[in-house]
file final_31.pdb (PDB, C-alpha atoms)
ATOM      1  CA  MET A 768     -58.888 161.739 107.928
ATOM      2  CA  ALA A 769     -56.676 163.139 110.640
ATOM      3  CA  PRO A 770     -55.844 160.580 113.353
ATOM      4  CA  ALA A 771     -57.656 162.707 115.957
ATOM      5  CA  ALA A 772     -61.006 162.048 114.255
ATOM      6  CA  VAL A 773     -61.950 159.138 112.028
ATOM      7  CA  ARG A 774     -65.116 158.382 110.109
ATOM      8  CA  ILE A 775     -66.089 154.719 109.786
ATOM      9  CA  PRO A 776     -68.016 154.232 106.525
ATOM     10  CA  ASP A 777     -71.463 152.699 106.389
ATOM     11  CA  PRO A 778     -70.915 148.966 107.105
ATOM     12  CA  ARG A 779     -73.689 148.146 104.653
ATOM     13  CA  HIS A 780     -71.248 149.153 101.913
ATOM     14  CA  THR A 781     -67.849 148.764 103.579
ATOM     15  CA  PRO A 782     -67.343 145.922 106.088
ATOM     16  CA  VAL A 783     -65.536 147.003 109.259
ATOM     17  CA  PRO A 784     -63.137 144.659 111.085
ATOM     18  CA  PHE A 785     -65.083 144.267 114.313
ATOM     19  CA  ASP A 786     -68.370 142.769 115.384
ATOM     20  CA  GLY A 787     -71.413 144.641 116.602
ATOM     21  CA  SER A 788     -71.032 147.495 114.128
ATOM     22  CA  PRO A 789     -74.090 149.769 114.149
ATOM     23  CA  VAL A 790     -75.922 150.412 110.921
ATOM     24  CA  GLY A 791     -74.889 153.651 109.250
ATOM     25  CA  PRO A 792     -71.621 155.622 109.210
ATOM     26  CA  GLN A 793     -70.059 156.457 112.579
ATOM     27  CA  ILE A 794     -67.321 158.798 113.790
ATOM     28  CA  PHE A 795     -64.709 158.124 116.439
ATOM     29  CA  ILE A 796     -62.734 160.958 117.974
ATOM     30  CA  HIS A 797     -59.617 161.153 120.124
ATOM     31  CA  GLU A 798     -61.014 162.233 123.487
ATOM     32  CA  GLY A 799     -57.694 163.697 124.560
ATOM     33  CA  ALA A 800     -57.625 165.976 121.514
ATOM     34  CA  ARG A 801     -61.199 167.080 122.178
ATOM     35  CA  GLN A 802     -60.511 167.823 125.848
ATOM     36  CA  THR A 803     -57.343 169.768 125.006
ATOM     37  CA  LEU A 804     -59.223 172.057 122.634
ATOM     38  CA  GLU A 805     -62.115 172.369 125.092
ATOM     39  CA  ARG A 806     -59.717 173.491 127.841
ATOM     40  CA  ARG A 807     -58.100 175.972 125.458
ATOM     41  CA  LEU A 808     -61.485 177.510 124.749
ATOM     42  CA  GLU A 809     -62.309 177.670 128.473
ATOM     43  CA  LEU A 810     -59.100 179.606 129.148
ATOM     44  CA  ALA A 811     -59.863 182.022 126.303
ATOM     45  CA  PHE A 812     -63.475 182.546 127.379
ATOM     46  CA  GLY A 813     -62.744 182.523 131.106
ATOM     47  CA  SER A 814     -65.856 180.413 131.639
ATOM     48  CA  PRO A 815     -66.967 176.758 131.297
ATOM     49  CA  VAL A 816     -67.141 175.278 127.782
ATOM     50  CA  GLN A 817     -68.809 172.134 126.482
ATOM     51  CA  LEU A 818     -67.184 171.143 123.192
ATOM     52  CA  ALA A 819     -68.978 168.737 120.855
ATOM     53  CA  VAL A 820     -67.423 167.284 117.705
ATOM     54  CA  THR A 821     -69.790 166.792 114.775
ATOM     55  CA  ASP A 822     -69.906 165.237 111.328
ATOM     56  CA  ASN A 823     -72.175 167.948 109.931
ATOM     57  CA  LEU A 824     -72.641 168.513 106.239
ATOM     58  CA  ARG A 825     -72.937 172.304 106.263
ATOM     59  CA  ARG A 826     -72.394 174.031 109.599
ATOM     60  CA  MET A 827     -68.738 173.596 110.493
ATOM     61  CA  VAL A 828     -68.547 175.884 113.582
ATOM     62  CA  SER A 829     -71.268 177.125 115.915
ATOM     63  CA  HIS A 830     -71.571 178.201 119.554
ATOM     64  CA  THR A 831     -74.210 179.354 122.003
ATOM     65  CA  ARG A 832     -74.354 180.299 125.677
ATOM     66  CA  VAL A 833     -76.674 178.419 128.008
ATOM     67  CA  ARG A 834     -76.827 179.398 131.700
ATOM     68  CA  GLY A 835     -73.219 180.568 131.827
ATOM     69  CA  THR A 836     -71.765 177.676 129.830
ATOM     70  CA  ARG A 837     -70.515 178.038 126.275
ATOM     71  CA  ARG A 838     -71.691 175.195 124.066
ATOM     72  CA  VAL A 839     -69.382 174.913 121.067
ATOM     73  CA  ARG A 840     -69.816 172.570 118.105
ATOM     74  CA  ILE A 841     -67.055 172.029 115.535
ATOM     75  CA  HIS A 842     -66.620 169.680 112.619
ATOM     76  CA  MET A 843     -64.301 166.729 113.209
ATOM     77  CA  MET A 844     -61.779 168.067 110.670
ATOM     78  CA  PHE A 845     -60.632 170.697 113.187
ATOM     79  CA  LEU A 846     -59.310 168.224 115.752
ATOM     80  CA  GLY A 847     -56.424 167.311 113.468
ATOM     81  CA  ALA A 848     -55.855 170.836 112.132
ATOM     82  CA  PRO A 849     -52.465 172.584 112.260
ATOM     83  CA  GLU A 850     -51.759 174.869 115.208
ATOM     84  CA  ARG A 851     -52.325 178.015 113.114
ATOM     85  CA  VAL A 852     -55.848 176.843 112.278
ATOM     86  CA  ARG A 853     -56.674 175.804 115.837
ATOM     87  CA  GLN A 854     -55.539 179.217 117.091
ATOM     88  CA  ALA A 855     -57.737 180.867 114.445
ATOM     89  CA  LEU A 856     -60.615 178.661 115.561
ATOM     90  CA  VAL A 857     -60.279 179.925 119.145
ATOM     91  CA  GLU A 858     -59.988 183.565 118.016
ATOM     92  CA  TYR A 859     -63.047 183.243 115.777
ATOM     93  CA  ILE A 860     -65.228 181.563 118.406
ATOM     94  CA  VAL A 861     -64.191 183.837 121.265
ATOM     95  CA  ARG A 862     -63.920 187.207 119.491
ATOM     96  CA  GLY A 863     -65.427 186.727 116.039
ATOM     97  CA  ASP A 864     -62.083 187.761 114.544
ATOM     98  CA  ARG A 865     -62.434 188.438 110.782
ATOM     99  CA  ARG A 866     -58.886 187.435 109.927
ATOM    100  CA  ALA A 867     -59.403 184.184 111.787
ATOM    101  CA  SER A 868     -62.629 183.659 109.866
ATOM    102  CA  GLY A 869     -60.660 183.849 106.617
ATOM    103  CA  VAL A 870     -58.143 181.270 107.861
ATOM    104  CA  LEU A 871     -60.981 178.918 108.792
ATOM    105  CA  GLY A 872     -62.691 179.453 105.454
ATOM    106  CA  ASP A 873     -59.526 178.533 103.560
ATOM    107  CA  PHE A 874     -59.020 175.479 105.765
ATOM    108  CA  ILE A 875     -62.592 174.267 105.246
ATOM    109  CA  GLN A 876     -62.283 174.750 101.485
ATOM    110  CA  ALA A 877     -59.022 172.797 101.368
ATOM    111  CA  ASN A 878     -60.516 170.028 103.507
ATOM    112  CA  SER A 879     -63.956 169.799 101.936
ATOM    113  CA  HIS A 880     -63.190 166.157 101.110
ATOM    114  CA  LYS A 881     -63.419 165.441 104.849
ATOM    115  CA  ILE A 882     -67.106 166.357 104.902
ATOM    116  CA  ARG A 883     -69.226 163.245 104.550
ATOM    117  CA  ALA A 884     -71.255 162.438 101.484
ATOM    118  CA  SER A 885     -74.409 164.485 101.075
ATOM    119  CA  ARG A 886     -76.180 161.660  99.220
ATOM    120  CA  PRO A 887     -75.996 158.022 100.313
ATOM    121  CA  VAL A 888     -75.085 155.329  97.838
ATOM    122  CA  THR A 889     -78.321 153.516  96.952
ATOM    123  CA  GLY A 890     -77.504 150.099  95.548
ATOM    124  CA  PRO A 891     -74.924 147.432  96.214
ATOM    125  CA  LEU A 892     -71.275 148.073  95.468
ATOM    126  CA  ARG A 893     -69.336 145.629  93.306
ATOM    127  CA  THR A 894     -65.647 145.738  94.140
ATOM    128  CA  ARG A 895     -64.529 142.198  93.323
ATOM    129  CA  GLY A 896     -64.234 141.692  89.581
ATOM    130  CA  ALA A 897     -63.188 138.763  87.463
ATOM    131  CA  SER A 898     -59.567 139.980  87.270
ATOM    132  CA  HIS A 899     -59.177 142.888  89.715
ATOM    133  CA  ASP A 900     -60.427 143.589  93.222
ATOM    134  CA  LEU A 901     -61.103 147.312  93.491
ATOM    135  CA  GLY A 902     -61.338 147.111  97.272
ATOM    136  CA  GLU A 903     -57.742 145.896  97.433
ATOM    137  CA  VAL A 904     -56.625 148.463  94.869
ATOM    138  CA  LEU A 905     -58.245 151.348  96.786
ATOM    139  CA  ALA A 906     -56.740 150.220 100.101
ATOM    140  CA  SER A 907     -53.275 149.925  98.553
ATOM    141  CA  VAL A 908     -53.407 153.314  96.816
ATOM    142  CA  ASN A 909     -54.783 154.966  99.957
ATOM    143  CA  ALA A 910     -51.969 153.533 102.092
ATOM    144  CA  GLN A 911     -49.198 154.228  99.596
ATOM    145  CA  TYR A 912     -50.085 157.764  98.494
ATOM    146  CA  PHE A 913     -52.430 159.191 101.135
ATOM    147  CA  GLY A 914     -51.068 157.697 104.346
ATOM    148  CA  GLY A 915     -54.266 155.692 104.802
ATOM    149  CA  ASN A 916     -56.105 158.924 105.656
ATOM    150  CA  VAL A 917     -58.797 158.734 102.970
ATOM    151  CA  GLY A 918     -61.126 156.458 104.866
ATOM    152  CA  ASP A 919     -64.594 157.354 103.662
ATOM    153  CA  VAL A 920     -64.370 156.913  99.883
ATOM    154  CA  LEU A 921     -66.170 153.977  98.298
ATOM    155  CA  VAL A 922     -65.386 152.272  95.001
ATOM    156  CA  THR A 923     -67.292 150.066  92.590
ATOM    157  CA  TRP A 924     -67.159 148.692  89.086
ATOM    158  CA  GLY A 925     -69.503 150.599  86.808
ATOM    159  CA  ARG A 926     -72.397 148.980  85.025
ATOM    160  CA  ARG A 927     -71.824 147.074  81.854
ATOM    161  CA  THR A 928     -73.726 148.529  78.928
ATOM    162  CA  GLN A 929     -75.040 146.849  75.819
ATOM    163  CA  PRO A 930     -72.697 147.302  72.846
ATOM    164  CA  ARG A 931     -73.913 149.768  70.251
ATOM    165  CA  ALA A 932     -74.017 149.133  66.526
ATOM    166  CA  ASP A 933     -71.628 152.028  65.853
ATOM    167  CA  ALA A 934     -68.062 151.890  67.092
ATOM    168  CA  ARG A 935     -67.321 153.530  70.444
ATOM    169  CA  VAL A 936     -65.141 156.602  69.963
ATOM    170  CA  SER A 937     -64.485 157.492  73.603
ATOM    171  CA  ILE A 938     -64.464 155.802  76.978
ATOM    172  CA  LYS A 939     -64.516 157.242  80.509
ATOM    173  CA  LEU A 940     -62.307 154.883  82.486
ATOM    174  CA  GLY A 941     -63.096 156.352  85.897
ATOM    175  CA  SER A 942     -65.321 158.924  87.583
ATOM    176  CA  TYR A 943     -65.799 160.398  91.039
ATOM    177  CA  SER A 944     -69.097 161.466  92.609
ATOM    178  CA  ALA A 945     -68.454 163.981  95.392
ATOM    179  CA  THR A 946     -72.047 163.793  96.633
ATOM    180  CA  GLU A 947     -71.724 160.036  97.164
ATOM    181  CA  ARG A 948     -67.984 159.906  97.905
ATOM    182  CA  LEU A 949     -67.916 157.142  95.290
ATOM    183  CA  ILE A 950     -65.383 156.159  92.620
ATOM    184  CA  ARG A 951     -66.711 154.237  89.632
ATOM    185  CA  VAL A 952     -64.303 152.322  87.397
ATOM    186  CA  HIS A 953     -65.262 151.252  83.888
ATOM    187  CA  PRO A 954     -65.770 147.465  83.682
ATOM    188  CA  ALA A 955     -63.656 147.383  80.512
ATOM    189  CA  LEU A 956     -60.648 147.475  82.867
ATOM    190  CA  ASP A 957     -61.683 144.231  84.556
ATOM    191  CA  ARG A 958     -59.633 142.136  82.129
ATOM    192  CA  ASP A 959     -56.636 139.904  82.709
ATOM    193  CA  TRP A 960     -54.684 141.840  80.052
ATOM    194  CA  VAL A 961     -55.165 145.125  81.942
ATOM    195  CA  PRO A 962     -52.254 145.486  84.412
ATOM    196  CA  ARG A 963     -53.033 146.203  88.040
ATOM    197  CA  TYR A 964     -50.801 149.275  88.024
ATOM    198  CA  PHE A 965     -53.069 150.860  85.417
ATOM    199  CA  VAL A 966     -56.205 150.167  87.467
ATOM    200  CA  SER A 967     -54.338 151.639  90.446
ATOM    201  CA  TYR A 968     -53.509 154.744  88.415
ATOM    202  CA  ILE A 969     -57.191 155.264  87.550
ATOM    203  CA  VAL A 970     -58.191 154.918  91.219
ATOM    204  CA  PHE A 971     -55.352 157.255  92.257
ATOM    205  CA  HIS A 972     -56.519 159.880  89.755
ATOM    206  CA  GLU A 973     -60.100 159.727  91.054
ATOM    207  CA  LEU A 974     -58.907 159.974  94.672
ATOM    208  CA  LEU A 975     -57.139 163.201  93.716
ATOM    209  CA  HIS A 976     -60.528 164.567  92.650
ATOM    210  CA  HIS A 977     -61.669 163.723  96.184
ATOM    211  CA  VAL A 978     -58.864 165.468  98.079
ATOM    212  CA  ILE A 979     -58.214 168.495  95.828
ATOM    213  CA  PRO A 980     -60.938 171.164  95.745
ATOM    214  CA  ALA A 981     -62.472 171.810  92.360
ATOM    215  CA  VAL A 982     -61.668 175.061  90.581
ATOM    216  CA  PRO A 983     -64.558 176.763  88.750
ATOM    217  CA  GLY A 984     -64.255 176.128  85.032
ATOM    218  CA  SER A 985     -61.484 173.528  85.392
ATOM    219  CA  LEU A 986     -62.061 169.811  85.791
ATOM    220  CA  HIS A 987     -58.340 169.230  86.336
ATOM    221  CA  PRO A 988     -56.784 172.149  88.250
ATOM    222  CA  PRO A 989     -52.988 172.587  88.175
ATOM    223  CA  GLU A 990     -52.545 171.101  91.654
ATOM    224  CA  LEU A 991     -54.290 167.898  90.583
ATOM    225  CA  LEU A 992     -52.142 167.594  87.459
ATOM    226  CA  ARG A 993     -49.025 168.129  89.556
ATOM    227  CA  ARG A 994     -50.029 165.556  92.149
ATOM    228  CA  GLU A 995     -50.979 163.081  89.433
ATOM    229  CA  ARG A 996     -47.325 162.805  88.428
ATOM    230  CA  GLU A 997     -46.506 161.528  91.920
ATOM    231  CA  PHE A 998     -47.943 158.165  90.886
ATOM    232  CA  ARG A 999     -44.849 155.976  90.778
ATOM    233  CA  GLN A1000     -45.692 154.407  87.439
ATOM    234  CA  TYR A1001     -47.256 157.490  85.897
ATOM    235  CA  GLU A1002     -45.330 157.455  82.588
ATOM    236  CA  ARG A1003     -45.806 153.711  82.275
ATOM    237  CA  ALA A1004     -49.566 154.014  82.882
ATOM    238  CA  ILE A1005     -49.972 156.836  80.344
ATOM    239  CA  GLY A1006     -47.959 154.867  77.796
ATOM    240  CA  TRP A1007     -50.024 151.725  78.366
ATOM    241  CA  GLU A1008     -53.263 153.653  77.894
ATOM    242  CA  GLN A1009     -52.083 155.214  74.641
ATOM    243  CA  LYS A1010     -50.972 151.832  73.333
ATOM    244  CA  ASN A1011     -54.172 150.005  74.329
ATOM    245  CA  ILE A1012     -56.915 152.603  73.939
ATOM    246  CA  ALA A1013     -58.256 150.978  70.751
ATOM    247  CA  ARG A1014     -58.520 147.633  72.536
ATOM    248  CA  LEU A1015     -60.328 149.262  75.463
ATOM    249  CA  LEU A1016     -62.788 150.901  73.076
ATOM    250  CA  ARG A1017     -63.626 147.467  71.670
ATOM    251  CA  ALA A1018     -64.015 145.866  75.120
ATOM    252  CA  LYS A1019     -67.543 144.814  76.031
TER
END

call {"tool": "encode", "arguments": {"input": "final_31.pdb", "output": "structure tokens"}}
result
Amino acid sequence: MAPAAVRIPDPRHTPVPFDGSPVGPQIFIHEGARQTLERRLELAFGSPVQLAVTDNLRRMVSHTRVRGTRRVRIHMMFLGAPERVRQALVEYIVRGDRRASGVLGDFIQANSHKIRASRPVTGPLRTRGASHDLGEVLASVNAQYFGGNVGDVLVTWGRRTQPRADARVSIKLGSYSATERLIRVHPALDRDWVPRYFVSYIVFHELLHHVIPAVPGSLHPPELLRREREFRQYERAIGWEQKNIARLLRAK
């Protein structure tokens, strides 16, 4: 998330480093950033404005007029938006500008990962495995490749399944649920012979699914494939997977 607005995940799933945390996800906004945008809107309208910052799922921008005061509600993503987007936001709210509406639409689409999960995770998360701690891996990958700005994604080891009589011919090492904001990693990777950099690569790949909008008909759009190669041990990770895929297929 942008530093002007931060979502704190549900402490029931992700412990937060201070006492007295309320139950359920919370948002914290930079009051100075909110007031600056509120004043900008007041100057454009020429009348008082009350600006509220929301964590809505669907309605990103709305405004009404109540007894001479404009009441504006915007999603938290806009507080950290580039100047071009903030200017478009003002033009859209004040004048309903169609060009500005297009700029906002593109910005919302590109930042859809900043909208909170539409379905809560129902069950406990298991991050600490026998050989790898996914919580540590996620925090490290987030800090190293995303500037620590992906703060509302959860991670867990997937469920172990009973081995089948026939040999496994494929294995899905990681998955991402956009509705839950949840990464699941296959428990076959929780082995001491699986290097941490490979687990990190899987988590990195799934985080890319979180931050890069999906393209209809393409699970891995070109931008995701390009960004994937930014992983510092990309070639090494791909080589390790190719060399050890048979062993992973046999893992129980």

call {"tool": "closest_residue", "arguments": {"input": "final_31.pdb", "among": "A:Leu818, A:Val828, A:Glu903, A:Ser937", "to": "A:Ala855", "atoms": "all atoms listed in the file"}}
result
A:Val828

call {"tool": "atom_distance", "arguments": {"input": "final_31.pdb", "atom1": "atom CA of A:Thr946", "atom2": "atom CA of A:Ala981"}}
result
13.2 Å

call {"tool": "residues_around", "arguments": {"input": "final_31.pdb", "residues": "stretch 973-979 of chain A", "least_positions_apart": "5", "cutoff": "8 Å", "atoms": "all atoms listed in the file", "output": "list in words"}}
result
Ala877, Asn878, Ser879, His880, Gly941, Ser942, Tyr943, Ala945, Arg948, Ile950, Glu990, Leu991, Arg994 and Glu995 of chain A

call {"tool": "residues_around", "arguments": {"input": "final_31.pdb", "residues": "A:Leu1015", "least_positions_apart": "4", "cutoff": "12 Å", "atoms": "all atoms listed in the file", "output": "VMD selection string"}}
result
chain A and resid 934 to 940 953 to 958 960 to 961 1007 to 1011 1019

call {"tool": "write_last_selection", "arguments": {"input": "final_31.pdb", "atoms": "C-alpha atoms", "output": "PDB file, in the frame of the given file"}}
result
ATOM      1  CA  ALA A 934     -68.062 151.890  67.092  1.00  0.00           C
ATOM      2  CA  ARG A 935     -67.321 153.530  70.444  1.00  0.00           C
ATOM      3  CA  VAL A 936     -65.141 156.602  69.963  1.00  0.00           C
ATOM      4  CA  SER A 937     -64.485 157.492  73.603  1.00  0.00           C
ATOM      5  CA  ILE A 938     -64.464 155.802  76.978  1.00  0.00           C
ATOM      6  CA  LYS A 939     -64.516 157.242  80.509  1.00  0.00           C
ATOM      7  CA  LEU A 940     -62.307 154.883  82.486  1.00  0.00           C
ATOM      8  CA  HIS A 953     -65.262 151.252  83.888  1.00  0.00           C
ATOM      9  CA  PRO A 954     -65.770 147.465  83.682  1.00  0.00           C
ATOM     10  CA  ALA A 955     -63.656 147.383  80.512  1.00  0.00           C
ATOM     11  CA  LEU A 956     -60.648 147.475  82.867  1.00  0.00           C
ATOM     12  CA  ASP A 957     -61.683 144.231  84.556  1.00  0.00           C
ATOM     13  CA  ARG A 958     -59.633 142.136  82.129  1.00  0.00           C
ATOM     14  CA  TRP A 960     -54.684 141.840  80.052  1.00  0.00           C
ATOM     15  CA  VAL A 961     -55.165 145.125  81.942  1.00  0.00           C
ATOM     16  CA  TRP A1007     -50.024 151.725  78.366  1.00  0.00           C
ATOM     17  CA  GLU A1008     -53.263 153.653  77.894  1.00  0.00           C
ATOM     18  CA  GLN A1009     -52.083 155.214  74.641  1.00  0.00           C
ATOM     19  CA  LYS A1010     -50.972 151.832  73.333  1.00  0.00           C
ATOM     20  CA  ASN A1011     -54.172 150.005  74.329  1.00  0.00           C
ATOM     21  CA  LYS A1019     -67.543 144.814  76.031  1.00  0.00           C
TER      22      LYS A1019
END

call {"tool": "atom_distance", "arguments": {"input": "final_31.pdb", "atom1": "atom CA of A:Thr894", "atom2": "atom CA of A:Val952"}}
result
9.5 Å

call {"tool": "resolve_selection", "arguments": {"input": "final_31.pdb", "expression": "the PyMOL selection byres ((chain A and resi 848-852) around 9)", "output": "PyMOL selection string"}}
result
chain A and resi 769+844-847+853-857+867+870-871+874

call {"tool": "atom_distance", "arguments": {"input": "final_31.pdb", "atom1": "atom CA of A:Gly799", "atom2": "atom CA of A:Arg865"}}
result
28.7 Å

call {"tool": "residues_around", "arguments": {"input": "final_31.pdb", "residues": "A:Glu809", "least_positions_apart": "3", "cutoff": "10 Å", "atoms": "all atoms listed in the file", "output": "JSON list (two decimals) with C-alpha atoms, keeping the file's coordinate frame"}}
result
[["chain", "number", "residue", "atom", "x", "y", "z"],
["A", 803, "THR", "CA", -57.34, 169.77, 125.01],
["A", 804, "LEU", "CA", -59.22, 172.06, 122.63],
["A", 805, "GLU", "CA", -62.12, 172.37, 125.09],
["A", 806, "ARG", "CA", -59.72, 173.49, 127.84],
["A", 812, "PHE", "CA", -63.48, 182.55, 127.38],
["A", 813, "GLY", "CA", -62.74, 182.52, 131.11],
["A", 814, "SER", "CA", -65.86, 180.41, 131.64],
["A", 815, "PRO", "CA", -66.97, 176.76, 131.30],
["A", 816, "VAL", "CA", -67.14, 175.28, 127.78],
["A", 817, "GLN", "CA", -68.81, 172.13, 126.48],
["A", 818, "LEU", "CA", -67.18, 171.14, 123.19],
["A", 836, "THR", "CA", -71.76, 177.68, 129.83],
["A", 837, "ARG", "CA", -70.52, 178.04, 126.28],
["A", 857, "VAL", "CA", -60.28, 179.92, 119.14],
["A", 861, "VAL", "CA", -64.19, 183.84, 121.26]]

call {"tool": "resolve_selection", "arguments": {"input": "final_31.pdb", "expression": "the PyMOL selection byres ((chain A and resi 905) around 9)", "output": "PyMOL selection string"}}
result
chain A and resi 900-904+906-910+920-922+967+970-971+974

call {"tool": "axis_aligned_box", "arguments": {"input": "final_31.pdb", "around": "stretch 973-978 of chain A", "padding_each_side": "3 Å", "output": "JSON"}}
result
{"center_x": -59.4, "center_y": 162.6, "center_z": 94.6, "size_x": 10.5, "size_y": 11.7, "size_z": 13.0}

call {"tool": "resolve_selection", "arguments": {"input": "final_31.pdb", "expression": "the PyMOL selection byres ((chain A and resi 824) around 7)", "output": "PyMOL selection string"}}
result
chain A and resi 822-823+825-826+882-883+885
